[in-house]
Number of protein chains: 2
Amino acid sequence: MTSEIDEENQVLSPQGESSEDQSEQDCSECGAKGRCLREGLGEEQMQGLRKITRTLGPFKPGENIFRVEDKFKSLFVIQSGAVKIETASFEGTKLVDGFFFRGDLVGLESIGAHQYGHDAIALERTLVCELPFDHLESLCSFVPRLQRKLMIILGQKIRYTNDTIVHGRYMSAEKRLLSFLQMLCEKKIIEKSDNTGSVQLPMSKGDIASYLGLRPESLSRTLTKLQNDGIIRNQTKKIEFLDIKAILQQVCG
Amino acid sequence: MTSEIDEENQVLSPQGESSEDQSEQDCSECGAKGRCLREGLGEEQMQGLRKITRTLGPFKPGENIFRVEDKFKSLFVIQSGAVKIETASFEGTKLVDGFFFRGDLVGLESIGAHQYGHDAIALERTLVCELPFDHLESLCSFVPRLQRKLMIILGQKIRYTNDTIVHGRYMSAEKRLLSFLQMLCEKKIIEKSDNTGSVQLPMSKGDIASYLGLRPESLSRTLTKLQNDGIIRNQTKKIEFLDIKAILQQVCG
DNA sequence: AGCAGGATTTGACCCAGACCCATTGGTGGA
DNA sequence: TCCACCAATGGGTCTGGGTCAAATCCTGCT
């Protein structure tokens with residue numbers, strides 16, 4: 001079922017599973033190329049970054065990259081695949097706090113904490129690049145552009161949460177879903193011709209519901225509504241966008 | 001009405017309004033002492049930090065420290081007083097995104113953006129310490145502990161938002177309010193004897209409601225309910241805590 | 001002190017989405 | 001291939017909190 005995606009990741013990450021024997025990271029074929037933390041650094045500035053990183057994985061769907069109680073040690077750049085992070089809510093149930101795709105940094109949420117404080121779970125076959133935080137921090141002192149980049153990413157994360165979650169509290173289920181679909185478009189669109197396209201969903205509907213602050217039943221109903229309105233076609237592991245313009249504009253309106 | 005608070009701030013910030021003539025910042029009597037970014041730095045490490053900072057204010061209640069469209073330039077440590085930040089929601093109404101008290105850093109949300117993206121408004125007589133971000137960044141490269149401190153603060157901010165706002169979506173109005181009161185306890189408690197205490201509210205009830213993702217009417221009803229339950233005494237600009245233990249425990253329960 | 005205008009509270013009503021339950025569908029393992 | 005199991009959907013009901021409207025209460029101003 002996820003075979004298409006796996007194929008693609010293979011192609012994009014040829015350094016693949018046997019990366020342990022590499023003494024230095026080879027970024028030239030990484031799936032996160034163009035979106036990684038290192039982007040914008042000069043060749044000699046990258047040397048240091050390459051030396052401290054190594055590829056981990058592949059993680060199979062459902063496997064943990066780290067766990068709540070693990071000691072915070074590293075950030076992870078997603079080379080290929082997708083990851084969710086989740087915490088136990090105050091009532092005990094699991095609560096999805098975020099999704100991460102190719103090029104995203106996982107672990108920012110734990111900077112300054114002793115433990116990660118949440119589980120990071122692969123949603124599909126996933127390769128990550130580990131950045132030990134201590135090393136990264138030291139490196140930042142010598143490479144101001146890296147320091148700046150990291151701070152910018154932290155700032156963006158704060159803003160993104162604010163714009164989506166905080167403002168999302170005032171949005172209807174339909175708007176929340178639309179802005180989620182919009183995000184998916186930007187991060188993961190597979191094929192896109194003019195006004196239509198489609199996305200493979202690496203996560204379950206339940207995960208999406210949790211992330212949006214809705215019950216699965218409500219999400220399901222909202223998806224059905226959008227389908228009846230002719231905006232999407234709702235499938236189990238895939239959503240087709242029949243009217244991308246409508247999606248982009250309805251979020252704002 | 002806010003005279004008590006103003007008095008107190010006076011005492012705590014004697015460098016006060018005429019700080020422009022100081023060539024170097026004097027932190028020895030600052031109201032944020034013990035909670036400021038510089039905490040934990042050695043004497044010689046603080047030298048650099050002092051050189052780039054200056055005190056601004058006092059801002060009167062309602063005055064802007066910066067505005068949405070202002071170019072992002074500085075972070076601000078609150079020496080005394082209180083500040084809210086707010087943005088226009090997608091439907092046009094103002095939405096309170098955060099409250100800041102003595103020792104808090106305002107402006108983190110805008111790191112990496114061109115403009116602040118929100119208004120920062122003093123809620124009472126407020127003095128702030130300006131940290132030009134470019135200078136702060138350069139300084140971070142030379143003072144690893146400062147760099148680390150800043151990153152930790154950014155990480156904490158991300159976690160705090162996650163724990164309150166994100167998880168708050170699954171909490172009832174009552175629980176949200178209780179966790180807000182808990183935060184106030186930690187940040188601003190005026191007097192506290194054993195199991196009781198009280199807080200002067202520098203912000204309006206409307207601001208609190210907005211911050212909690214509620215309508216003013218709902219907040220009012222919830223406050224009334226807590227009062228009937230004997231947990232608080234609800235006044236216009238002040239809340240008395242009649243049973244602090246109940247507040248602390250009910251949030252978790 | 002008296003008044004205008006906004007903030008806060010209260011009441012009545014409504015609705016989006018939670019909750020509970022039944023059915024269907026998709027998937028991985030024997 | 002078949003079965004067991006969980007994900008997804010759909011129906012029905014309930015309710016917390018939103019919405020509208022009408023007092024009060026405060027506060028700053030004259």
# chains A, B, ... in the order shown; residues from 1 in each chain; ligands from 1
call {"tool": "closest_atom_pairs", "arguments": {"of": "chain C", "to": "segment 4-26 of chain D", "cutoff": "8 Å", "atoms": "only C-alpha atoms (C1' of nucleotides)", "output": "tab-separated table"}}
result
residue	atom	partner	partner_atom	distance
C:DA7	C1'	D:DC26	C1'	7.5
C:DT8	C1'	D:DC25	C1'	7.1
C:DT9	C1'	D:DT24	C1'	7.3
C:DT10	C1'	D:DA23	C1'	7.8
C:DC14	C1'	D:DT19	C1'	7.8
C:DC19	C1'	D:DC14	C1'	7.8
C:DT24	C1'	D:DT9	C1'	7.5
C:DG25	C1'	D:DA8	C1'	7.5
C:DG26	C1'	D:DA7	C1'	7.9
call {"tool": "write_last_selection", "arguments": {"atoms": "N, CA and C atoms (P, O5', C5', C4', C3', O3' and C1' of nucleotides)", "output": "short mmCIF file (atom, residue, chain, number, x, y, z; two decimals), in the first residue's frame"}}
result
data_model
loop_
_atom_site.label_atom_id
_atom_site.label_comp_id
_atom_site.auth_asym_id
_atom_site.auth_seq_id
_atom_site.Cartn_x
_atom_site.Cartn_y
_atom_site.Cartn_z
P DA C 7 -14.12 47.85 26.74
"O5'" DA C 7 -14.32 47.15 28.16
"C5'" DA C 7 -13.65 47.68 29.31
"C4'" DA C 7 -14.18 46.98 30.53
"C3'" DA C 7 -14.17 45.45 30.45
"O3'" DA C 7 -13.64 44.94 31.66
"C1'" DA C 7 -16.36 46.22 30.93
P DT C 8 -13.37 43.39 31.90
"O5'" DT C 8 -14.69 42.88 32.62
"C5'" DT C 8 -15.05 43.45 33.87
"C4'" DT C 8 -16.38 42.93 34.32
"C3'" DT C 8 -16.54 41.40 34.24
"O3'" DT C 8 -16.73 40.93 35.57
"C1'" DT C 8 -18.48 42.54 33.43
P DT C 9 -16.96 39.37 35.88
"O5'" DT C 9 -18.56 39.30 35.89
"C5'" DT C 9 -19.29 40.14 36.76
"C4'" DT C 9 -20.77 40.00 36.53
"C3'" DT C 9 -21.31 38.56 36.57
"O3'" DT C 9 -22.31 38.48 37.57
"C1'" DT C 9 -22.17 39.74 34.71
P DT C 10 -22.85 37.06 38.05
"O5'" DT C 10 -24.22 36.91 37.26
"C5'" DT C 10 -25.18 37.98 37.30
"C4'" DT C 10 -26.30 37.70 36.33
"C3'" DT C 10 -26.75 36.24 36.21
"O3'" DT C 10 -28.12 36.16 36.56
"C1'" DT C 10 -26.52 37.24 34.07
P DC C 14 -33.91 28.32 20.73
"O5'" DC C 14 -32.43 28.23 20.15
"C5'" DC C 14 -31.74 29.42 19.79
"C4'" DC C 14 -30.40 29.05 19.17
"C3'" DC C 14 -30.45 27.77 18.33
"O3'" DC C 14 -29.62 27.97 17.20
"C1'" DC C 14 -28.93 27.48 20.13
P DC C 19 -15.78 13.74 24.55
"O5'" DC C 19 -17.02 12.74 24.57
"C5'" DC C 19 -18.24 13.17 25.14
"C4'" DC C 19 -19.30 12.12 24.92
"C3'" DC C 19 -18.81 10.67 24.95
"O3'" DC C 19 -19.61 9.94 25.87
"C1'" DC C 19 -20.15 11.07 23.04
P DT C 24 -23.63 -3.27 7.59
"O5'" DT C 24 -22.29 -2.66 7.00
"C5'" DT C 24 -22.21 -1.26 6.75
"C4'" DT C 24 -20.78 -0.91 6.43
"C3'" DT C 24 -20.09 -1.90 5.49
"O3'" DT C 24 -19.51 -1.17 4.42
"C1'" DT C 24 -18.75 -1.48 7.38
P DG C 25 -18.81 -1.89 3.21
"O5'" DG C 25 -17.28 -1.54 3.46
"C5'" DG C 25 -16.90 -0.21 3.86
"C4'" DG C 25 -15.40 -0.21 4.12
"C3'" DG C 25 -14.62 -1.13 3.19
"O3'" DG C 25 -13.38 -0.49 2.87
"C1'" DG C 25 -14.26 -1.78 5.43
P DG C 26 -12.55 -0.89 1.67
"O5'" DG C 26 -11.06 -0.77 2.22
"C5'" DG C 26 -10.79 0.06 3.35
"C4'" DG C 26 -9.61 -0.49 4.12
"C3'" DG C 26 -8.59 -1.26 3.29
"O3'" DG C 26 -7.31 -0.80 3.67
"C1'" DG C 26 -9.38 -2.63 5.06
#
call {"tool": "closest_atom_pairs", "arguments": {"of": "chain A", "to": "chain B", "cutoff": "7 Å", "atoms": "only C-alpha atoms", "output": "CSV"}}
result
residue,atom,partner,partner_atom,distance
A:Ser89,CA,B:His167,CA,6.8
A:Phe90,CA,B:Cys252,CA,6.5
A:Leu108,CA,B:Gly155,CA,6.6
A:Glu109,CA,B:Gly155,CA,5.7
A:Ser110,CA,B:Gly155,CA,6.2
A:Ile111,CA,B:Gly155,CA,4.8
A:Gly112,CA,B:Ile152,CA,4.3
A:Ser141,CA,B:Ser141,CA,4.3
A:Phe142,CA,B:Ser141,CA,6.8
A:Pro144,CA,B:Ser141,CA,6.7
A:Met151,CA,B:Ile111,CA,7.0
A:Ile152,CA,B:Gly112,CA,4.3
A:Leu154,CA,B:Leu154,CA,6.8
A:Gly155,CA,B:Ile111,CA,4.8
A:Gln156,CA,B:Gly112,CA,6.8
A:Ile158,CA,B:Glu109,CA,5.9
A:Arg159,CA,B:Glu109,CA,5.9
A:Ile165,CA,B:Val166,CA,6.6
A:Val166,CA,B:Ile165,CA,6.6
A:His167,CA,B:Ser89,CA,6.7
A:Arg169,CA,B:Gly213,CA,6.4
A:Gly213,CA,B:Arg169,CA,6.3
A:Cys252,CA,B:Phe90,CA,6.5
call {"tool": "closest_atom_pairs", "arguments": {"of": "chain C", "to": "chain A", "cutoff": "9 Å", "atoms": "only C-alpha atoms (C1' of nucleotides)", "output": "Markdown table"}}
result
| residue | atom | partner | partner_atom | distance |
| --- | --- | --- | --- | --- |
| C:DA16 | C1' | A:Ser172 | CA | 8.1 |
| C:DG17 | C1' | A:Ser218 | CA | 6.7 |
| C:DA18 | C1' | A:Arg215 | CA | 7.3 |
| C:DG26 | C1' | A:Thr236 | CA | 8.4 |
call {"tool": "write_last_selection", "arguments": {"atoms": "N, CA and C atoms (P, O5', C5', C4', C3', O3' and C1' of nucleotides)", "output": "mmCIF file, in the first residue's frame"}}
result
data_model
loop_
_atom_site.group_PDB
_atom_site.id
_atom_site.type_symbol
_atom_site.label_atom_id
_atom_site.label_comp_id
_atom_site.auth_asym_id
_atom_site.auth_seq_id
_atom_site.Cartn_x
_atom_site.Cartn_y
_atom_site.Cartn_z
ATOM 1 P P DA C 16 -23.974 24.560 13.660
ATOM 2 O "O5'" DA C 16 -22.424 24.251 13.829
ATOM 3 C "C5'" DA C 16 -21.602 25.190 14.512
ATOM 4 C "C4'" DA C 16 -20.585 24.482 15.380
ATOM 5 C "C3'" DA C 16 -19.833 23.346 14.693
ATOM 6 O "O3'" DA C 16 -18.485 23.398 15.127
ATOM 7 C "C1'" DA C 16 -21.055 22.485 16.546
ATOM 8 P P DG C 17 -17.370 22.464 14.491
ATOM 9 O "O5'" DG C 17 -17.202 21.333 15.598
ATOM 10 C "C5'" DG C 17 -16.970 21.720 16.937
ATOM 11 C "C4'" DG C 17 -17.286 20.582 17.874
ATOM 12 C "C3'" DG C 17 -16.669 19.227 17.499
ATOM 13 O "O3'" DG C 17 -16.170 18.666 18.690
ATOM 14 C "C1'" DG C 17 -18.936 18.961 17.921
ATOM 15 P P DA C 18 -15.140 17.448 18.757
ATOM 16 O "O5'" DA C 18 -15.593 16.741 20.120
ATOM 17 C "C5'" DA C 18 -15.755 17.534 21.290
ATOM 18 C "C4'" DA C 18 -16.633 16.804 22.285
ATOM 19 C "C3'" DA C 18 -16.222 15.356 22.558
ATOM 20 O "O3'" DA C 18 -16.367 15.098 23.947
ATOM 21 C "C1'" DA C 18 -18.441 15.404 21.704
ATOM 22 P P DG C 26 -12.548 -0.890 1.666
ATOM 23 O "O5'" DG C 26 -11.060 -0.768 2.224
ATOM 24 C "C5'" DG C 26 -10.788 0.064 3.352
ATOM 25 C "C4'" DG C 26 -9.608 -0.487 4.122
ATOM 26 C "C3'" DG C 26 -8.590 -1.259 3.285
ATOM 27 O "O3'" DG C 26 -7.309 -0.800 3.673
ATOM 28 C "C1'" DG C 26 -9.382 -2.626 5.063
#
call {"tool": "select_by_dssp", "arguments": {"residues": "segment 161-234 of chain B", "states": "strand (DSSP E or B)", "output": "list in words"}}
result
Glu191, Lys192, Ser193, Thr196, Gly197, Ser198, Val199, Gln200, Ile232, Arg233 and Asn234 of chain B
call {"tool": "write_last_selection", "arguments": {"atoms": "N, CA, C and O atoms", "output": "PDB file, in the first residue's frame"}}
result
ATOM      1  N   GLU B 191       0.637  38.148  47.733  1.00  0.00           N
ATOM      2  CA  GLU B 191       0.786  37.698  49.105  1.00  0.00           C
ATOM      3  C   GLU B 191       0.267  36.280  49.178  1.00  0.00           C
ATOM      4  O   GLU B 191      -0.661  35.915  48.480  1.00  0.00           O
ATOM      5  N   LYS B 192       0.869  35.493  49.982  1.00  0.00           N
ATOM      6  CA  LYS B 192       0.491  34.078  50.017  1.00  0.00           C
ATOM      7  C   LYS B 192       0.764  33.526  51.404  1.00  0.00           C
ATOM      8  O   LYS B 192       1.903  33.445  51.834  1.00  0.00           O
ATOM      9  N   SER B 193      -0.317  33.221  52.089  1.00  0.00           N
ATOM     10  CA  SER B 193      -0.123  32.651  53.411  1.00  0.00           C
ATOM     11  C   SER B 193      -0.695  31.247  53.402  1.00  0.00           C
ATOM     12  O   SER B 193      -1.891  31.059  53.238  1.00  0.00           O
ATOM     13  N   THR B 196      -3.846  30.370  51.105  1.00  0.00           N
ATOM     14  CA  THR B 196      -4.581  31.433  50.431  1.00  0.00           C
ATOM     15  C   THR B 196      -3.620  32.479  49.882  1.00  0.00           C
ATOM     16  O   THR B 196      -2.440  32.501  50.200  1.00  0.00           O
ATOM     17  N   GLY B 197      -4.155  33.357  49.022  1.00  0.00           N
ATOM     18  CA  GLY B 197      -3.327  34.396  48.427  1.00  0.00           C
ATOM     19  C   GLY B 197      -4.174  35.226  47.487  1.00  0.00           C
ATOM     20  O   GLY B 197      -5.377  35.005  47.385  1.00  0.00           O
ATOM     21  N   SER B 198      -3.565  36.195  46.826  1.00  0.00           N
ATOM     22  CA  SER B 198      -4.330  36.968  45.860  1.00  0.00           C
ATOM     23  C   SER B 198      -3.419  37.569  44.805  1.00  0.00           C
ATOM     24  O   SER B 198      -2.232  37.771  45.019  1.00  0.00           O
ATOM     25  N   VAL B 199      -4.016  37.822  43.652  1.00  0.00           N
ATOM     26  CA  VAL B 199      -3.274  38.388  42.526  1.00  0.00           C
ATOM     27  C   VAL B 199      -4.005  39.598  41.986  1.00  0.00           C
ATOM     28  O   VAL B 199      -5.216  39.559  41.779  1.00  0.00           O
ATOM     29  N   GLN B 200      -3.245  40.666  41.758  1.00  0.00           N
ATOM     30  CA  GLN B 200      -3.779  41.797  41.019  1.00  0.00           C
ATOM     31  C   GLN B 200      -3.750  41.418  39.553  1.00  0.00           C
ATOM     32  O   GLN B 200      -2.727  40.945  39.056  1.00  0.00           O
ATOM     33  N   ILE B 232     -12.158  30.473  44.763  1.00  0.00           N
ATOM     34  CA  ILE B 232     -11.618  31.825  44.590  1.00  0.00           C
ATOM     35  C   ILE B 232     -12.651  32.858  45.027  1.00  0.00           C
ATOM     36  O   ILE B 232     -13.823  32.532  45.239  1.00  0.00           O
ATOM     37  N   ARG B 233     -12.186  34.097  45.123  1.00  0.00           N
ATOM     38  CA  ARG B 233     -13.109  35.219  45.233  1.00  0.00           C
ATOM     39  C   ARG B 233     -12.801  36.112  44.047  1.00  0.00           C
ATOM     40  O   ARG B 233     -11.660  36.546  43.855  1.00  0.00           O
ATOM     41  N   ASN B 234     -13.824  36.343  43.246  1.00  0.00           N
ATOM     42  CA  ASN B 234     -13.648  37.010  41.969  1.00  0.00           C
ATOM     43  C   ASN B 234     -13.958  38.495  42.086  1.00  0.00           C
ATOM     44  O   ASN B 234     -15.065  38.886  42.390  1.00  0.00           O
TER      45      ASN B 234
END
call {"tool": "closest_atom_pairs", "arguments": {"of": "chain A", "to": "chain D", "cutoff": "12 Å", "atoms": "only C-alpha atoms (C1' of nucleotides)", "output": "tab-separated table"}}
result
residue	atom	partner	partner_atom	distance
A:Tyr170	CA	D:DG18	C1'	10.9
A:Met203	CA	D:DA7	C1'	11.5
A:Ser204	CA	D:DA7	C1'	7.9
A:Lys205	CA	D:DA8	C1'	7.8
A:Gly206	CA	D:DA7	C1'	8.0
A:Asp207	CA	D:DA7	C1'	10.9
A:Ala209	CA	D:DA8	C1'	11.9
A:Pro216	CA	D:DA8	C1'	8.3
A:Glu217	CA	D:DT9	C1'	7.5
A:Ser218	CA	D:DT9	C1'	10.1
A:Leu219	CA	D:DA8	C1'	10.2
A:Ser220	CA	D:DT9	C1'	6.7
A:Arg221	CA	D:DT9	C1'	7.9
A:Thr222	CA	D:DT9	C1'	11.2
A:Leu223	CA	D:DT9	C1'	10.4
A:Thr224	CA	D:DT9	C1'	9.1
A:Asn234	CA	D:DA8	C1'	11.2
A:Gln235	CA	D:DA8	C1'	10.0
A:Thr236	CA	D:DA8	C1'	7.8
A:Lys237	CA	D:DA7	C1'	10.8
call {"tool": "atom_distance", "arguments": {"atom1": "atom CA of Ile231 of chain A", "atom2": "atom CA of Gln182 of chain A"}}
result
12.5 Å
call {"tool": "select_by_dssp", "arguments": {"residues": "segment 130-238 of chain A", "states": "alpha helix (DSSP H)", "output": "MDAnalysis selection string"}}
result
chainID A and resid 133:142 144:161 167:168 173:188 205:212 216:228
call {"tool": "residues_around", "arguments": {"residues": "Pro61 of chain A", "least_positions_apart": "6", "cutoff": "7 Å", "atoms": "only C-alpha atoms (C1' of nucleotides)", "output": "mmCIF file with C-alpha atoms, in the first residue's frame"}}
result
data_model
loop_
_atom_site.group_PDB
_atom_site.id
_atom_site.type_symbol
_atom_site.label_atom_id
_atom_site.label_comp_id
_atom_site.auth_asym_id
_atom_site.auth_seq_id
_atom_site.Cartn_x
_atom_site.Cartn_y
_atom_site.Cartn_z
ATOM 1 C CA ALA A 122 7.783 6.717 12.138
ATOM 2 C CA LEU A 123 4.615 6.719 10.048
ATOM 3 C CA GLU A 124 6.219 5.069 7.048
ATOM 4 C CA ARG A 125 9.659 3.795 6.124
#
call {"tool": "atom_distance", "arguments": {"atom1": "atom CA of Val106 of chain A", "atom2": "atom CA of Ser80 of chain A"}}
result
12.8 Å
call {"tool": "decode", "arguments": {"residues": "chain D", "atoms": "C-alpha atoms (C1' of nucleotides)", "output": "compact mmCIF listing (two decimals), in the first residue's frame"}}
result
# COMPACT_ATOMS: atom_id res chain seq x y z
C1' DT D 1 -7.85 -17.57 1.20
C1' DC D 2 -10.06 -16.70 5.50
C1' DC D 3 -10.45 -14.61 9.83
C1' DA D 4 -9.74 -11.37 13.50
C1' DC D 5 -9.11 -6.88 14.53
C1' DC D 6 -8.83 -2.24 14.34
C1' DA D 7 -9.74 1.95 11.44
C1' DA D 8 -13.31 4.51 9.46
C1' DT D 9 -18.01 5.87 8.91
C1' DG D 10 -22.69 6.99 10.08
C1' DG D 11 -26.87 7.60 13.17
C1' DG D 12 -28.72 9.56 17.27
C1' DT D 13 -28.40 12.24 21.42
C1' DC D 14 -26.43 15.39 24.59
C1' DT D 15 -24.04 19.42 26.27
C1' DG D 16 -20.39 22.95 26.93
C1' DG D 17 -19.81 26.91 25.47
C1' DG D 18 -21.10 30.29 21.78
C1' DT D 19 -24.50 33.91 20.67
C1' DC D 20 -27.79 37.51 21.49
C1' DA D 21 -29.75 40.67 24.61
C1' DA D 22 -30.38 43.02 28.80
C1' DA D 23 -29.00 44.56 33.23
C1' DT D 24 -25.09 46.26 36.40
C1' DC D 25 -20.87 47.79 37.58
C1' DC D 26 -16.60 50.74 36.90
C1' DT D 27 -13.91 54.29 35.48
C1' DG D 28 -12.46 58.35 33.71
C1' DC D 29 -14.07 62.84 32.63
C1' DT D 30 -16.56 67.24 33.40
